[in-house]
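Here is the file entry.txt (compact mmCIF, C-alpha atoms).
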```
# COMPACT_ATOMS: atom_id res chain seq x y z
CA MET A 1 0.30 13.58 25.03
CA THR A 2 -2.23 13.65 27.88
CA GLN A 3 -1.74 17.40 28.12
CA ALA A 4 -3.99 17.76 25.06
CA TYR A 5 -6.80 15.55 26.33
CA ARG A 6 -9.98 16.82 27.93
CA CYS A 7 -11.15 13.34 28.85
CA TRP A 8 -9.12 10.15 28.51
CA ALA A 9 -8.68 6.63 29.87
CA GLU A 10 -5.22 5.37 30.80
CA ILE A 11 -4.93 1.62 30.29
CA ASP A 12 -2.24 -0.13 32.30
CA ARG A 13 -0.65 -2.88 30.20
CA ASP A 14 1.01 -4.42 33.27
CA ALA A 15 -2.37 -4.71 34.97
CA LEU A 16 -3.80 -6.50 31.92
CA ARG A 17 -0.91 -8.96 31.95
CA HIS A 18 -1.24 -9.48 35.69
CA ASN A 19 -4.93 -10.30 35.38
CA ALA A 20 -4.20 -12.75 32.56
CA ARG A 21 -1.68 -14.47 34.84
CA VAL A 22 -4.34 -14.74 37.57
CA VAL A 23 -6.64 -16.46 35.08
CA ARG A 24 -3.83 -18.77 33.95
CA GLU A 25 -3.14 -19.83 37.53
CA ARG A 26 -6.79 -20.84 37.90
CA ILE A 27 -7.24 -22.71 34.62
CA GLY A 28 -4.03 -24.68 34.30
CA SER A 29 -3.31 -25.84 30.77
CA ALA A 30 -6.71 -24.91 29.33
CA GLU A 31 -6.75 -22.51 26.39
CA MET A 32 -7.55 -18.94 27.36
CA LEU A 33 -10.06 -17.15 25.14
CA ALA A 34 -9.71 -13.41 25.72
CA VAL A 35 -13.08 -11.74 25.25
CA VAL A 36 -12.35 -8.38 23.62
CA LYS A 37 -15.82 -7.51 22.36
CA ALA A 38 -17.30 -4.03 22.76
CA ASN A 39 -13.93 -2.35 22.21
CA ALA A 40 -12.36 -4.65 24.81
CA TYR A 41 -15.04 -3.73 27.35
CA GLY A 42 -14.33 -0.08 26.63
CA HIS A 43 -10.56 -0.38 27.14
CA GLY A 44 -9.51 -0.23 23.48
CA LEU A 45 -9.65 -3.29 21.23
CA MET A 46 -6.31 -3.14 19.45
CA GLY A 47 -4.24 -2.05 22.43
CA VAL A 48 -5.67 -4.78 24.64
CA ALA A 49 -5.25 -7.45 21.97
CA GLU A 50 -1.66 -6.37 21.41
CA THR A 51 -0.94 -6.54 25.14
CA LEU A 52 -2.45 -9.99 25.65
CA ALA A 53 -1.66 -11.70 22.33
CA GLU A 54 1.23 -13.72 23.75
CA GLN A 55 -0.71 -14.87 26.82
CA VAL A 56 -3.92 -16.12 25.20
CA GLN A 57 -4.80 -18.73 22.61
CA LEU A 58 -8.02 -17.31 21.13
CA PHE A 59 -9.96 -14.08 20.92
CA GLY A 60 -13.72 -13.75 21.35
CA VAL A 61 -15.74 -10.95 19.74
CA ALA A 62 -19.41 -10.08 19.44
CA ASN A 63 -19.64 -9.62 15.69
CA LEU A 64 -17.95 -9.72 12.30
CA GLU A 65 -16.80 -6.08 12.38
CA GLU A 66 -14.76 -6.69 15.53
CA ALA A 67 -13.35 -9.92 14.08
CA ILE A 68 -12.16 -8.16 10.92
CA ALA A 69 -10.47 -5.42 12.96
CA LEU A 70 -8.54 -8.05 14.91
CA ARG A 71 -7.53 -10.02 11.83
CA GLU A 72 -5.74 -7.01 10.39
CA ARG A 73 -2.98 -7.48 12.99
CA PHE A 74 -3.44 -10.80 14.77
CA HIS A 75 -3.63 -14.37 13.56
CA LEU A 76 -5.00 -16.17 16.62
CA PRO A 77 -8.33 -17.98 16.16
CA VAL A 78 -11.32 -15.65 16.56
CA ILE A 79 -14.71 -16.89 17.75
CA VAL A 80 -17.70 -14.72 16.88
CA LEU A 81 -19.76 -15.14 20.04
CA GLY A 82 -22.95 -13.57 18.72
CA PRO A 83 -25.22 -14.88 15.96
CA SER A 84 -24.18 -14.16 12.38
CA LEU A 85 -26.39 -12.31 9.92
CA PRO A 86 -26.96 -14.00 6.53
CA GLU A 87 -25.00 -11.26 4.75
CA GLU A 88 -21.99 -11.88 7.00
CA MET A 89 -21.64 -15.62 6.52
CA ALA A 90 -19.54 -15.61 3.35
CA THR A 91 -17.02 -13.20 4.87
CA ILE A 92 -16.81 -15.25 8.05
CA ILE A 93 -15.93 -18.28 5.95
CA GLU A 94 -13.48 -16.39 3.74
CA ARG A 95 -11.64 -14.87 6.69
CA GLY A 96 -11.51 -18.09 8.69
CA PHE A 97 -13.51 -16.93 11.72
CA ILE A 98 -15.38 -19.37 13.96
CA PRO A 99 -19.11 -18.57 14.10
CA THR A 100 -21.36 -19.58 16.99
CA ILE A 101 -24.25 -21.78 15.88
CA SER A 102 -27.51 -22.34 17.77
CA THR A 103 -29.75 -23.96 15.16
CA PHE A 104 -29.59 -26.44 12.32
CA ASP A 105 -30.84 -23.74 9.94
CA GLU A 106 -27.82 -21.54 10.73
CA ALA A 107 -25.42 -24.41 10.17
CA GLN A 108 -27.13 -25.34 6.92
CA ALA A 109 -26.86 -21.74 5.68
CA PHE A 110 -23.10 -21.79 6.31
CA ASP A 111 -22.83 -25.24 4.72
CA ARG A 112 -24.35 -23.94 1.49
CA ILE A 113 -21.58 -21.34 1.20
CA GLY A 114 -18.42 -23.16 2.13
CA LYS A 115 -16.33 -25.02 4.66
CA VAL A 116 -16.26 -23.59 8.18
CA ALA A 117 -15.40 -24.60 11.75
CA ILE A 118 -18.14 -23.67 14.22
CA ASN A 119 -18.76 -23.21 17.92
CA PHE A 120 -21.98 -25.11 18.73
CA LYS A 121 -23.89 -23.47 21.57
CA VAL A 122 -26.24 -25.20 23.99
CA ASP A 123 -28.84 -23.24 25.98
CA THR A 124 -28.66 -24.44 29.59
CA GLY A 125 -30.44 -21.47 31.11
CA MET A 126 -29.35 -18.20 29.52
CA GLY A 127 -32.14 -18.10 26.96
CA ARG A 128 -30.44 -15.83 24.40
CA MET A 129 -28.73 -18.32 22.11
CA GLY A 130 -28.08 -22.02 21.83
CA ALA A 131 -29.87 -25.24 21.04
CA VAL A 132 -32.50 -26.03 23.65
CA GLU A 133 -30.98 -28.40 26.16
CA SER A 134 -33.43 -31.25 25.59
CA GLU A 135 -32.92 -31.07 21.81
CA ALA A 136 -29.20 -30.32 21.72
CA VAL A 137 -27.92 -33.83 21.00
CA GLU A 138 -30.25 -34.42 18.04
CA ILE A 139 -29.56 -30.98 16.56
CA PHE A 140 -25.82 -31.48 17.04
CA LYS A 141 -25.86 -34.77 15.18
CA ARG A 142 -27.63 -33.16 12.22
CA VAL A 143 -25.22 -30.22 12.23
CA ALA A 144 -22.14 -32.44 12.43
CA ALA A 145 -23.41 -34.52 9.50
CA LEU A 146 -23.30 -31.53 7.15
CA GLY A 147 -20.46 -31.95 4.68
CA LYS A 148 -18.80 -28.53 5.06
CA ILE A 149 -19.22 -28.11 8.81
CA ASP A 150 -16.39 -28.91 11.22
CA ILE A 151 -16.93 -28.69 14.97
CA HIS A 152 -14.36 -26.50 16.69
CA SER A 153 -16.03 -26.34 20.09
CA VAL A 154 -19.19 -26.75 22.16
CA SER A 155 -20.22 -24.10 24.66
CA THR A 156 -22.90 -22.70 26.92
CA HIS A 157 -23.30 -19.55 29.02
CA MET A 158 -24.01 -19.09 32.72
CA PRO A 159 -26.66 -16.48 33.58
CA VAL A 160 -26.37 -16.33 37.38
CA SER A 161 -22.81 -17.29 38.24
CA ASP A 162 -22.42 -14.02 40.14
CA VAL A 163 -25.57 -14.40 42.26
CA ASP A 164 -26.76 -18.04 42.43
CA PRO A 165 -24.02 -20.60 43.07
CA ASP A 166 -26.44 -23.51 43.50
CA TYR A 167 -28.05 -23.03 40.10
CA THR A 168 -24.63 -22.49 38.55
CA ARG A 169 -23.19 -25.73 39.94
CA ASP A 170 -26.23 -27.63 38.70
CA GLN A 171 -25.86 -25.98 35.30
CA LEU A 172 -22.23 -27.03 35.10
CA VAL A 173 -23.17 -30.62 35.87
CA ARG A 174 -25.87 -30.56 33.21
CA PHE A 175 -23.59 -29.04 30.58
CA ARG A 176 -20.81 -31.52 31.14
CA LYS A 177 -23.31 -34.38 30.90
CA ILE A 178 -24.49 -32.96 27.56
CA VAL A 179 -20.89 -32.73 26.34
CA GLU A 180 -20.41 -36.40 27.18
CA GLN A 181 -23.54 -37.23 25.19
CA LEU A 182 -22.39 -35.13 22.24
CA ARG A 183 -18.97 -36.77 22.20
CA SER A 184 -20.58 -40.20 22.40
CA ALA A 185 -22.93 -39.41 19.52
CA VAL A 186 -20.32 -37.59 17.41
CA PRO A 187 -16.74 -38.51 18.31
CA GLY A 188 -14.10 -35.91 17.60
CA GLY A 189 -11.43 -33.66 19.00
CA TYR A 190 -13.64 -30.63 19.55
CA LYS A 191 -13.31 -28.67 22.78
CA ALA A 192 -15.79 -27.47 25.40
CA HIS A 193 -16.07 -24.11 27.14
CA VAL A 194 -18.41 -22.76 29.79
CA LEU A 195 -16.37 -20.94 32.44
CA GLN A 196 -16.29 -17.18 32.00
CA SER A 197 -14.98 -14.58 34.44
CA ALA A 198 -17.16 -15.48 37.41
CA GLY A 199 -16.80 -19.17 36.58
CA THR A 200 -13.01 -18.90 36.45
CA LEU A 201 -12.91 -17.21 39.84
CA GLY A 202 -15.58 -19.11 41.73
CA PHE A 203 -16.30 -22.39 39.95
CA ASN A 204 -12.97 -23.63 38.60
CA GLU A 205 -12.95 -26.97 40.42
CA THR A 206 -13.33 -28.55 36.98
CA VAL A 207 -11.96 -26.77 33.91
CA ASP A 208 -12.82 -27.64 30.31
CA GLU A 209 -10.48 -27.26 27.35
CA ILE A 210 -11.21 -23.54 26.86
CA VAL A 211 -12.02 -20.76 29.33
CA ARG A 212 -13.58 -17.44 28.25
CA ALA A 213 -11.92 -14.65 30.22
CA GLY A 214 -13.89 -11.41 29.97
CA ILE A 215 -14.17 -8.64 32.54
CA VAL A 216 -11.69 -10.38 34.82
CA LEU A 217 -8.92 -9.50 32.34
CA TYR A 218 -9.68 -5.83 32.88
CA GLY A 219 -9.24 -6.13 36.63
CA ILE A 220 -12.89 -6.03 37.64
CA SER A 221 -14.23 -9.02 39.53
CA PRO A 222 -17.88 -10.06 39.10
CA LEU A 223 -17.50 -11.73 42.50
CA PRO A 224 -16.38 -9.04 45.00
CA GLU A 225 -14.54 -11.51 47.24
CA PHE A 226 -11.95 -12.03 44.49
CA GLN A 227 -11.32 -8.35 43.68
CA GLU A 228 -8.08 -8.27 45.67
CA LEU A 229 -6.53 -10.75 43.22
CA LEU A 230 -6.95 -8.34 40.33
CA LYS A 231 -5.57 -4.98 39.22
CA PRO A 232 -8.02 -2.60 37.52
CA ALA A 233 -6.53 -1.70 34.17
CA MET A 234 -8.32 1.59 33.56
CA THR A 235 -7.96 5.00 35.14
CA TRP A 236 -10.55 7.36 33.66
CA LYS A 237 -9.56 11.01 33.79
CA THR A 238 -10.72 14.47 32.85
CA ARG A 239 -9.59 18.03 33.56
CA ILE A 240 -10.73 21.09 35.39
CA GLY A 241 -11.85 23.58 32.77
CA LEU A 242 -13.05 26.36 35.05
CA VAL A 243 -12.93 27.31 38.76
CA ARG A 244 -15.44 29.72 40.25
CA ASP A 245 -16.58 31.00 43.64
CA MET A 246 -20.35 30.69 44.06
CA PRO A 247 -22.46 32.51 46.67
CA LYS A 248 -24.96 30.84 48.96
CA GLY A 249 -28.25 30.13 47.15
CA ALA A 250 -26.79 29.67 43.65
CA SER A 251 -28.24 26.92 41.47
CA ILE A 252 -26.04 24.32 39.75
CA SER A 253 -26.85 22.63 36.40
CA TYR A 254 -30.11 21.73 34.66
CA GLY A 255 -33.23 21.49 36.75
CA ARG A 256 -31.68 23.50 39.60
CA THR A 257 -31.51 20.26 41.57
CA PHE A 258 -28.60 21.54 43.66
CA ILE A 259 -28.65 24.91 45.44
CA THR A 260 -25.46 25.95 47.20
CA PRO A 261 -26.12 25.84 50.97
CA ARG A 262 -23.18 28.19 51.64
CA PRO A 263 -20.53 30.02 49.64
CA MET A 264 -18.69 27.33 47.66
CA ARG A 265 -15.75 27.01 45.31
CA VAL A 266 -16.79 24.84 42.36
CA ALA A 267 -14.90 23.37 39.42
CA THR A 268 -16.36 22.65 36.00
CA LEU A 269 -14.92 19.49 34.44
CA THR A 270 -14.48 18.78 30.75
CA ALA A 271 -16.49 15.54 30.63
CA GLY A 272 -20.14 14.55 30.60
CA TYR A 273 -22.59 11.88 29.58
CA ALA A 274 -21.46 12.15 25.94
CA ASP A 275 -18.15 10.76 27.20
CA GLY A 276 -19.99 7.95 28.94
CA TYR A 277 -20.21 9.34 32.48
CA PRO A 278 -23.65 8.08 33.56
CA ARG A 279 -26.35 10.68 33.98
CA ASN A 280 -27.77 8.36 36.64
CA LEU A 281 -24.95 9.54 38.90
CA SER A 282 -26.66 12.91 39.24
CA ASN A 283 -27.57 13.71 42.86
CA VAL A 284 -26.73 10.26 44.28
CA GLY A 285 -23.52 11.08 46.11
CA ALA A 286 -21.06 10.47 43.27
CA GLU A 287 -17.54 11.78 43.81
CA MET A 288 -14.33 12.38 41.83
CA LEU A 289 -10.70 12.64 42.92
CA VAL A 290 -8.67 15.85 42.77
CA ARG A 291 -5.21 15.76 44.32
CA GLY A 292 -6.19 12.46 45.92
CA LYS A 293 -9.19 14.03 47.69
CA ARG A 294 -12.82 13.15 47.08
CA CYS A 295 -14.89 15.94 45.57
CA PRO A 296 -18.70 15.59 45.36
CA LEU A 297 -20.55 15.93 42.06
CA LEU A 298 -23.01 18.82 42.21
CA GLY A 299 -26.34 18.78 40.38
CA ARG A 300 -27.04 16.94 37.16
CA VAL A 301 -24.53 15.42 34.78
CA THR A 302 -24.71 17.30 31.47
CA MET A 303 -23.62 16.28 27.99
CA ASP A 304 -20.10 17.74 28.05
CA LEU A 305 -19.52 19.15 31.54
CA LEU A 306 -19.68 18.22 35.21
CA VAL A 307 -19.54 20.44 38.28
CA ILE A 308 -17.84 19.40 41.53
CA ASP A 309 -17.27 20.93 44.95
CA VAL A 310 -13.62 21.91 45.51
CA SER A 311 -14.19 24.14 48.52
CA HIS A 312 -11.73 22.05 50.53
CA LEU A 313 -9.05 22.60 47.84
CA PRO A 314 -8.90 26.42 47.69
CA ASP A 315 -5.81 26.62 45.46
CA VAL A 316 -6.98 24.12 42.84
CA ASP A 317 -6.34 25.38 39.33
CA VAL A 318 -7.60 25.09 35.75
CA GLY A 319 -6.06 22.21 33.80
CA GLU A 320 -5.55 19.88 36.76
CA GLU A 321 -6.30 16.18 36.36
CA VAL A 322 -9.45 14.75 37.86
CA VAL A 323 -10.00 11.01 38.25
CA LEU A 324 -13.52 9.87 37.42
CA MET A 325 -12.66 6.21 38.03
CA GLY A 326 -9.48 4.68 39.33
CA MET A 327 -6.64 5.51 41.74
CA GLN A 328 -5.14 8.88 42.59
CA GLY A 329 -2.67 8.81 45.43
CA ASP A 330 -4.05 6.46 48.06
CA ALA A 331 -7.69 7.13 47.15
CA GLU A 332 -9.81 5.19 44.67
CA ILE A 333 -13.11 5.56 42.87
CA SER A 334 -13.77 1.97 41.83
CA CYS A 335 -15.86 0.81 38.92
CA LEU A 336 -18.05 -1.03 41.42
CA GLU A 337 -18.65 2.19 43.35
CA LEU A 338 -19.77 3.98 40.19
CA SER A 339 -22.00 1.12 39.07
CA ASP A 340 -23.65 0.78 42.48
CA LYS A 341 -24.41 4.50 42.68
CA ALA A 342 -25.66 4.56 39.08
CA GLY A 343 -27.89 1.53 39.66
CA THR A 344 -26.20 -0.53 36.96
CA ILE A 345 -23.38 -3.07 36.55
CA THR A 346 -19.64 -2.66 36.12
CA TRP A 347 -19.78 -4.01 32.55
CA GLU A 348 -22.00 -1.10 31.50
CA ILE A 349 -19.79 1.54 33.10
CA THR A 350 -16.71 0.63 31.06
CA THR A 351 -18.41 -0.27 27.79
CA ARG A 352 -20.34 3.00 27.68
CA ILE A 353 -17.22 5.16 27.81
CA GLY A 354 -17.47 7.14 24.60
CA GLN A 355 -15.40 7.24 21.43
CA ARG A 356 -14.11 10.75 22.07
CA VAL A 357 -12.45 9.51 25.27
CA LYS A 358 -8.87 8.78 24.19
CA ARG A 359 -7.45 5.40 25.27
CA VAL A 360 -3.84 5.89 26.31
CA PHE A 361 -1.87 2.70 26.94
CA VAL A 362 0.80 3.03 29.60
```

So that I can check it, write out the structure of this file as structure tokens.
Amino acid sequence: MTQAYRCWAEIDRDALRHNARVVRERIGSAEMLAVVKANAYGHGLMGVAETLAEQVQLFGVANLEEAIALRERFHLPVIVLGPSLPEEMATIIERGFIPTISTFDEAQAFDRIGKVAINFKVDTGMGRMGAVESEAVEIFKRVAALGKIDIHSVSTHMPVSDVDPDYTRDQLVRFRKIVEQLRSAVPGGYKAHVLQSAGTLGFNETVDEIVRAGIVLYGISPLPEFQELLKPAMTWKTRIGLVRDMPKGASISYGRTFITPRPMRVATLTAGYADGYPRNLSNVGAEMLVRGKRCPLLGRVTMDLLVIDVSHLPDVDVGEEVVLMGMQGDAEISCLELSDKAGTITWEITTRIGQRVKRVFV
């Protein structure tokens, strides 16, 4: 089937399963919540969920739309990690999803509609969602007292677990103290979760009842020292659409930002920023793999096409595979390499890969 694709991403099911086993080894008997939001970090929601369904206990999504898509085929509990809009609340209740609650007003709005189990979030430093730390216990008691609200879990989120271990360890201590206070004020069998990918890799000395595994499942480590434990699941490919010989002094792409310094053989690739290849990779030393050899990107990334130097591969031909990210032979263009050169983060590289890029599970 790949013969028909101009740009596609091959997703290795074995790599996904391997990464889930790595998480399992680090969390013991805790429940694993597979975070599959944003089309499974760009890897393909349904294919990833199908691959991991037997290894995880819950799924985590960003919104109701993703939750509904999962429910069509899977019956594991689904936590909606983002805030719920008022118009979504009735459907969340009807479909049995677990919303994340930050305020008493949110909980009260759900309570007016029907019975629901919630994930109560505490803000211990992220600042996006959650009850303010100093007010969390009082808000939690009011939420738990509502007649139609059941507490499924209590959570928080770590903002600097990949860059500030001291703050992160202090945050973990503070969160677990809050959980003790919550359980003292409102006894119950609800669970706690704070460790995400970086937490699972670097801060798993103490593990709560649930762990949220995100980018680690896709084989990308937020802490570089743990990358060797993981297997990247995605190989992002395109094809050579055209091969031409260019004279010295020829300009390449918009803005004429690259002028050939000598006669060059160049290949035009059938991918561009509309497929998610970052325009920020223009003129910063980005490379692709052809026949296991690195080939520099020339000039600016355009919407549908890229141009690379294949002068060192004189017999390269139209239709050949080109790896934008991943392994080819013994060579690799890692997600981290792309994100560093683009001035962004690995999460953005994979989640921005466009809808017209076919996900092919292998």

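Among the candidate residues A:Gly96, A:Val122, A:Asp340, A:Lys37, the one lying nearest to A:Val137 is A:Val122, with distances computed using only C-alpha atoms.
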
Checklist entry - Which polymer residues have any atom within 12 Å of an atom of A:Lys248, counting only C-alpha atoms, with same-chain residues fewer than 4 positions away left out, as a VMD selection string? => result chain A and resid 252 258 to 265

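Here the question is which of A:Pro86, A:Gly299, A:Pro232, A:Gly354 gets nearest to A:Leu336 using only C-alpha atoms, and that residue is A:Pro232.
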
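When all atoms listed in the file are used to compute distances to A:Glu228, the closest of the residues A:Val216, A:Arg256, A:Pro314, A:Thr124 turns out to be A:Val216.
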
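Across the model, the gap from atom CA of A:Phe97 to atom CA of A:Arg71 is 9.1 Å.
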